[in-house]
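Have a look at the structure below, then the notes.
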Amino acid sequence: MANGLPKVDLIITGDRVIDPSSGLDGPAQIHVTNGKIVSLSDDLSLQSASRHIDATGMIVCPGLIDMHVHVYEWVTNFGLPADDAGVNSGATTIIDQGSAGPWTVGGFKAYVADPAITDVRSFVSANVAGALMGGMEGIVLHNPGMMRIDAIVNAALDYPGFVVGIKSHGETGGISHWGTEVLEMAIKAAEESKLPLYVHTGELFPVDEKNRPVPASLMEKVLPLLRRGDTVAHVYSNMPDGIMGPGDKVPAVVRDAYASGIHFDIGYGINFSYRIARSMMEADILPNTIGSDVHADFNCYHDDSKLDYSLCGAITRLCALGMPLADVIRRATLNPAKVLGEENMIGTLAPGSRADITFLEPVEGRWILSDAEGEVLTVEERFVPSRVFCAGVDIEPSKRLLRDIWEWENTLAAE
Ligand SMILES: [Zn+2]
């Protein structure tokens, strides 16, 4: 006992602790016992603990939650190792978007999620099989004949807390073949299973050119179907059939959807455009959540050698584009936890929550990061995960997949 308080397992003292759920942004102490946070206080007088960690100089925040990853390795041709996308990249919880379908999600849980250190969840694909071959066989895999609403409902019942949503598509290829039929079936399944929907946007599947929809018409077809709390992905993508559309003004249907409570996820990935990001930010359309969309190469199983973007890379870029760090952290912690309805347990440093904590090291120096259009952004500060706690377990991230913000050859110093 010290100061009348019971001894705890671990105390972390930081000079900048950011906890969006309480609004804290400053010096604080986090007390951890039995894998749970027992207190968060700006009183820095040292209590009695088995272990004390001084995190001075670090940004200490709730364990990051990546809203969009692909980690069904070997079964899909673009899956990453779960812990490389998770704890080794600074994220204590990752949400796989549609790699598994209701007929393959059992294997995903048993062989990928359960053995991982990272907390892995699934937004199960609207089709029965999952993504398997990415976009390439989309017309075969994702057509209406591959949909079974009852299979999705059963997956949600069989794996509560693991199947936490449904992944569908609002993209040109599928709509050119079967309109919004699959999306409407996915919404019906979402209603019956009481799960949120996550919708990919932009061209992905092979297009029936005779029926190619006008790019600006895509969001007019898709967004009015979605419900409050559903998420659209790739909101700062430069695809003409994406959220922004082909113009340089945010369309009214997009503003209306955002105002009505449809969530916008960065879904960072390969089409992220600084130009689009600036236009959307000027229109006050900020992402609700930050998913990285990290995945391995298509066409070659288990090859992630060219992956050059990451969740912490997206965090770094959004800060460089002018979003305050605390606002960015909120979108990679508390907000995705709310999508899962688990904001009391993850994405927070509140007492009683799981001791998932990420240390981000602010690395200063001038770095050049390019976007999908080849535009370059000079970044003065990168946020590199230096340590994570997963339910109180101390882990040093390997940073193997953080090539965009960590490996020297990919982050060339500006002249
Ligand atoms: Zn994706």
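In the structure tokens, chains take the letters A, B, ... in the order shown, each chain's residues start at 1, and ligands count up from 1 in the order shown.
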
Mind listing the residues within 9 Å of ligand 1, only C-alpha atoms and all ligand atoms counted, as a VMD selection string? chain A and resid 68 to 70 96 to 99 134 200 233 to 234 267 to 269 291 to 295

Excluding A:Glu192 and residues on its chain fewer than 6 positions from it, collect all residues at most 12 Å away from it, counting only C-alpha atoms, and give them as a ChimeraX atom specification. /A:149-157,165-166,185-186

Quick one: write out the picked residues with C-alpha atoms as a short mmCIF file (atom, residue, chain, number, x, y, z; two decimals), in the first residue's frame?
data_model
loop_
_atom_site.label_atom_id
_atom_site.label_comp_id
_atom_site.auth_asym_id
_atom_site.auth_seq_id
_atom_site.Cartn_x
_atom_site.Cartn_y
_atom_site.Cartn_z
CA ILE A 149 -29.03 -13.90 -46.05
CA ASP A 150 -29.70 -16.72 -43.58
CA ALA A 151 -26.02 -17.77 -43.70
CA ILE A 152 -24.98 -14.25 -42.64
CA VAL A 153 -27.55 -14.19 -39.87
CA ASN A 154 -26.33 -17.60 -38.66
CA ALA A 155 -22.68 -16.46 -38.71
CA ALA A 156 -23.63 -13.51 -36.52
CA LEU A 157 -25.43 -15.87 -34.13
CA GLY A 165 -20.48 -6.40 -39.14
CA ILE A 166 -21.08 -7.12 -42.82
CA MET A 185 -29.55 -8.09 -49.79
CA ALA A 186 -26.60 -7.17 -47.56
#

Output as CSV one row per residue of stretch 304-365 of chain A within 6 Å of stretch 47-61 of chain A: the closest atom pair and its distance in Å to one decimal place, counting only C-alpha atoms, sorted by chain and residue number ascending.
residue,atom,partner,partner_atom,distance
A:Ile357,CA,A:Cys61,CA,5.8
A:Thr358,CA,A:Cys61,CA,5.5
A:Phe359,CA,A:Val60,CA,4.7
A:Leu360,CA,A:Ile59,CA,4.9
A:Glu361,CA,A:Met58,CA,4.9

Enumerate, as a VMD selection string, the complete set of residues in stretch 187-363 of chain A that a backbone-based DSSP assignment places in helix (DSSP H, G or I). chain A and resid 187 to 193 209 to 211 215 to 225 252 to 259 274 to 282 311 to 320 325 to 331 334 to 339

So which residues of stretch 167-322 of chain A fall under strand (DSSP E) by DSSP, listed as an MDAnalysis selection string? chainID A and resid 167:170 197:201 231:232 263:264

Export C-alpha atoms of the chosen residues as a PDB file, in the first residue's frame?
ATOM      1  CA  LYS A 167     -18.862  -6.053 -45.713  1.00  0.00           C
ATOM      2  CA  SER A 168     -20.482  -5.204 -49.027  1.00  0.00           C
ATOM      3  CA  HIS A 169     -19.727  -3.173 -52.118  1.00  0.00           C
ATOM      4  CA  GLY A 170     -21.121  -0.088 -53.816  1.00  0.00           C
ATOM      5  CA  LEU A 197     -22.549  -2.540 -42.808  1.00  0.00           C
ATOM      6  CA  TYR A 198     -19.202  -1.480 -44.278  1.00  0.00           C
ATOM      7  CA  VAL A 199     -19.332  -0.591 -47.971  1.00  0.00           C
ATOM      8  CA  HIS A 200     -16.415  -0.507 -50.378  1.00  0.00           C
ATOM      9  CA  THR A 201     -16.591   2.291 -52.979  1.00  0.00           C
ATOM     10  CA  THR A 231     -19.855   2.979 -43.016  1.00  0.00           C
ATOM     11  CA  VAL A 232     -18.629   3.880 -46.491  1.00  0.00           C
ATOM     12  CA  HIS A 263     -19.896   6.926 -41.117  1.00  0.00           C
ATOM     13  CA  PHE A 264     -17.006   7.736 -43.411  1.00  0.00           C
TER      14      PHE A 264
END

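Omitting A:Ala216 and its sequence neighbours fewer than 4 positions away, and counting only C-alpha atoms, the residues within 10 Å are Glu220, Lys221, Pro240, Asp241, Gly242, Ile243, Met244, Gly245, Pro246, Gly247 and Pro251 of chain A.
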
Pull N, CA and C atoms from the residues just selected and write them as a tab-separated table (two decimals), in the first residue's frame.
chain	number	residue	atom	x	y	z
A	220	GLU	N	-25.18	8.33	-55.84
A	220	GLU	CA	-26.63	8.59	-55.80
A	220	GLU	C	-27.41	7.29	-55.68
A	221	LYS	N	-26.84	6.22	-56.24
A	221	LYS	CA	-27.50	4.92	-56.12
A	221	LYS	C	-27.24	4.29	-54.74
A	240	PRO	N	-12.87	8.25	-59.87
A	240	PRO	CA	-14.00	9.10	-60.30
A	240	PRO	C	-15.36	8.56	-59.87
A	241	ASP	N	-15.42	7.23	-59.64
A	241	ASP	CA	-16.69	6.67	-59.16
A	241	ASP	C	-16.66	6.47	-57.64
A	242	GLY	N	-15.71	7.13	-56.99
A	242	GLY	CA	-15.63	7.08	-55.52
A	242	GLY	C	-16.57	8.09	-54.88
A	243	ILE	N	-16.35	8.35	-53.58
A	243	ILE	CA	-17.26	9.21	-52.81
A	243	ILE	C	-17.28	10.63	-53.37
A	244	MET	N	-16.12	11.17	-53.66
A	244	MET	CA	-16.03	12.55	-54.14
A	244	MET	C	-16.61	12.69	-55.54
A	245	GLY	N	-16.54	11.60	-56.32
A	245	GLY	CA	-17.01	11.66	-57.70
A	245	GLY	C	-15.98	12.33	-58.58
A	246	PRO	N	-16.34	12.58	-59.84
A	246	PRO	CA	-15.36	13.10	-60.80
A	246	PRO	C	-15.11	14.61	-60.68
A	247	GLY	N	-15.96	15.33	-59.95
A	247	GLY	CA	-15.83	16.78	-59.88
A	247	GLY	C	-14.89	17.23	-58.78
A	251	PRO	N	-20.34	16.32	-53.67
A	251	PRO	CA	-21.74	16.26	-54.12
A	251	PRO	C	-22.73	16.36	-52.95

Please identify every residue of stretch 24-109 of chain A that has at least one atom no farther than 7 Å from an atom of stretch 316-340 of chain A, counting only C-alpha atoms, and for each give the shortest atom pair and the distance in Å to one decimal, arranged by chain then increasing number, as a tab-separated table.
residue	atom	partner	partner_atom	distance
A:Pro62	CA	A:Thr333	CA	6.3
A:Gly63	CA	A:Thr333	CA	6.8
A:Leu64	CA	A:Thr333	CA	5.2
A:Ile65	CA	A:Thr333	CA	5.3
A:Asp66	CA	A:Ala332	CA	6.5
A:Met67	CA	A:Pro336	CA	6.4

Grab the residues selected above and save them as a PDB file, in the first residue's frame with C-alpha atoms.
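For reference, part_32.pdb as written:
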ATOM      1  CA  PRO A  62      -5.651   3.714 -26.113  1.00  0.00           C
ATOM      2  CA  GLY A  63      -4.590   0.741 -28.222  1.00  0.00           C
ATOM      3  CA  LEU A  64      -5.153   1.675 -31.852  1.00  0.00           C
ATOM      4  CA  ILE A  65      -8.058   0.037 -33.676  1.00  0.00           C
ATOM      5  CA  ASP A  66      -7.620  -0.468 -37.411  1.00  0.00           C
ATOM      6  CA  MET A  67     -11.071  -0.448 -38.988  1.00  0.00           C
TER       7      MET A  67
END

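Residues in contact range of A:Asp43, defined as at most 10 Å between only C-alpha atoms, with sequence neighbours fewer than 4 positions away removed, read Thr13, Pro27, Ala28, Gln29 and Gln47 of chain A.
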
Could you take the residues named above and write them with C-alpha atoms, as a PDB file, in the first residue's frame?
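To be explicit, this is the file written out as selection-v1.pdb:
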ATOM      1  CA  THR A  13       3.581   7.774 -16.477  1.00  0.00           C
ATOM      2  CA  PRO A  27       0.473  14.457 -18.329  1.00  0.00           C
ATOM      3  CA  ALA A  28      -1.147  11.458 -16.655  1.00  0.00           C
ATOM      4  CA  GLN A  29      -0.628   8.117 -14.968  1.00  0.00           C
ATOM      5  CA  GLN A  47       1.786   4.949  -6.342  1.00  0.00           C
TER       6      GLN A  47
END

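The space separating atom CA of A:Pro115 from atom CA of A:Ala91 comes to 16.1 Å.
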
For A:Asp308, work out the shell of residues within 12 Å, counting only C-alpha atoms and skipping chain neighbours fewer than 4 positions away, then give it as number ranges by chain. A: 268-270, 292-297, 304, 312-314, 369-372, 400-407, 409-411

So which residues touch stretch 352-354 of chain A within 10 Å, counting only C-alpha atoms, skipping near sequence neighbours fewer than 6 positions away, as a ChimeraX atom specification? /A:32-39,62-63,342-346,389-392

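Proximity to A:Leu141 was assessed for A:Val388, A:Val182, A:Ser176, A:Pro81 counting only C-alpha atoms; the smallest distance is recorded for A:Val182.
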
So, counting only C-alpha atoms, which residue among A:Lys194, A:Asn299, A:Ile30, A:Ser260 is closest to A:Asp9? A:Ile30
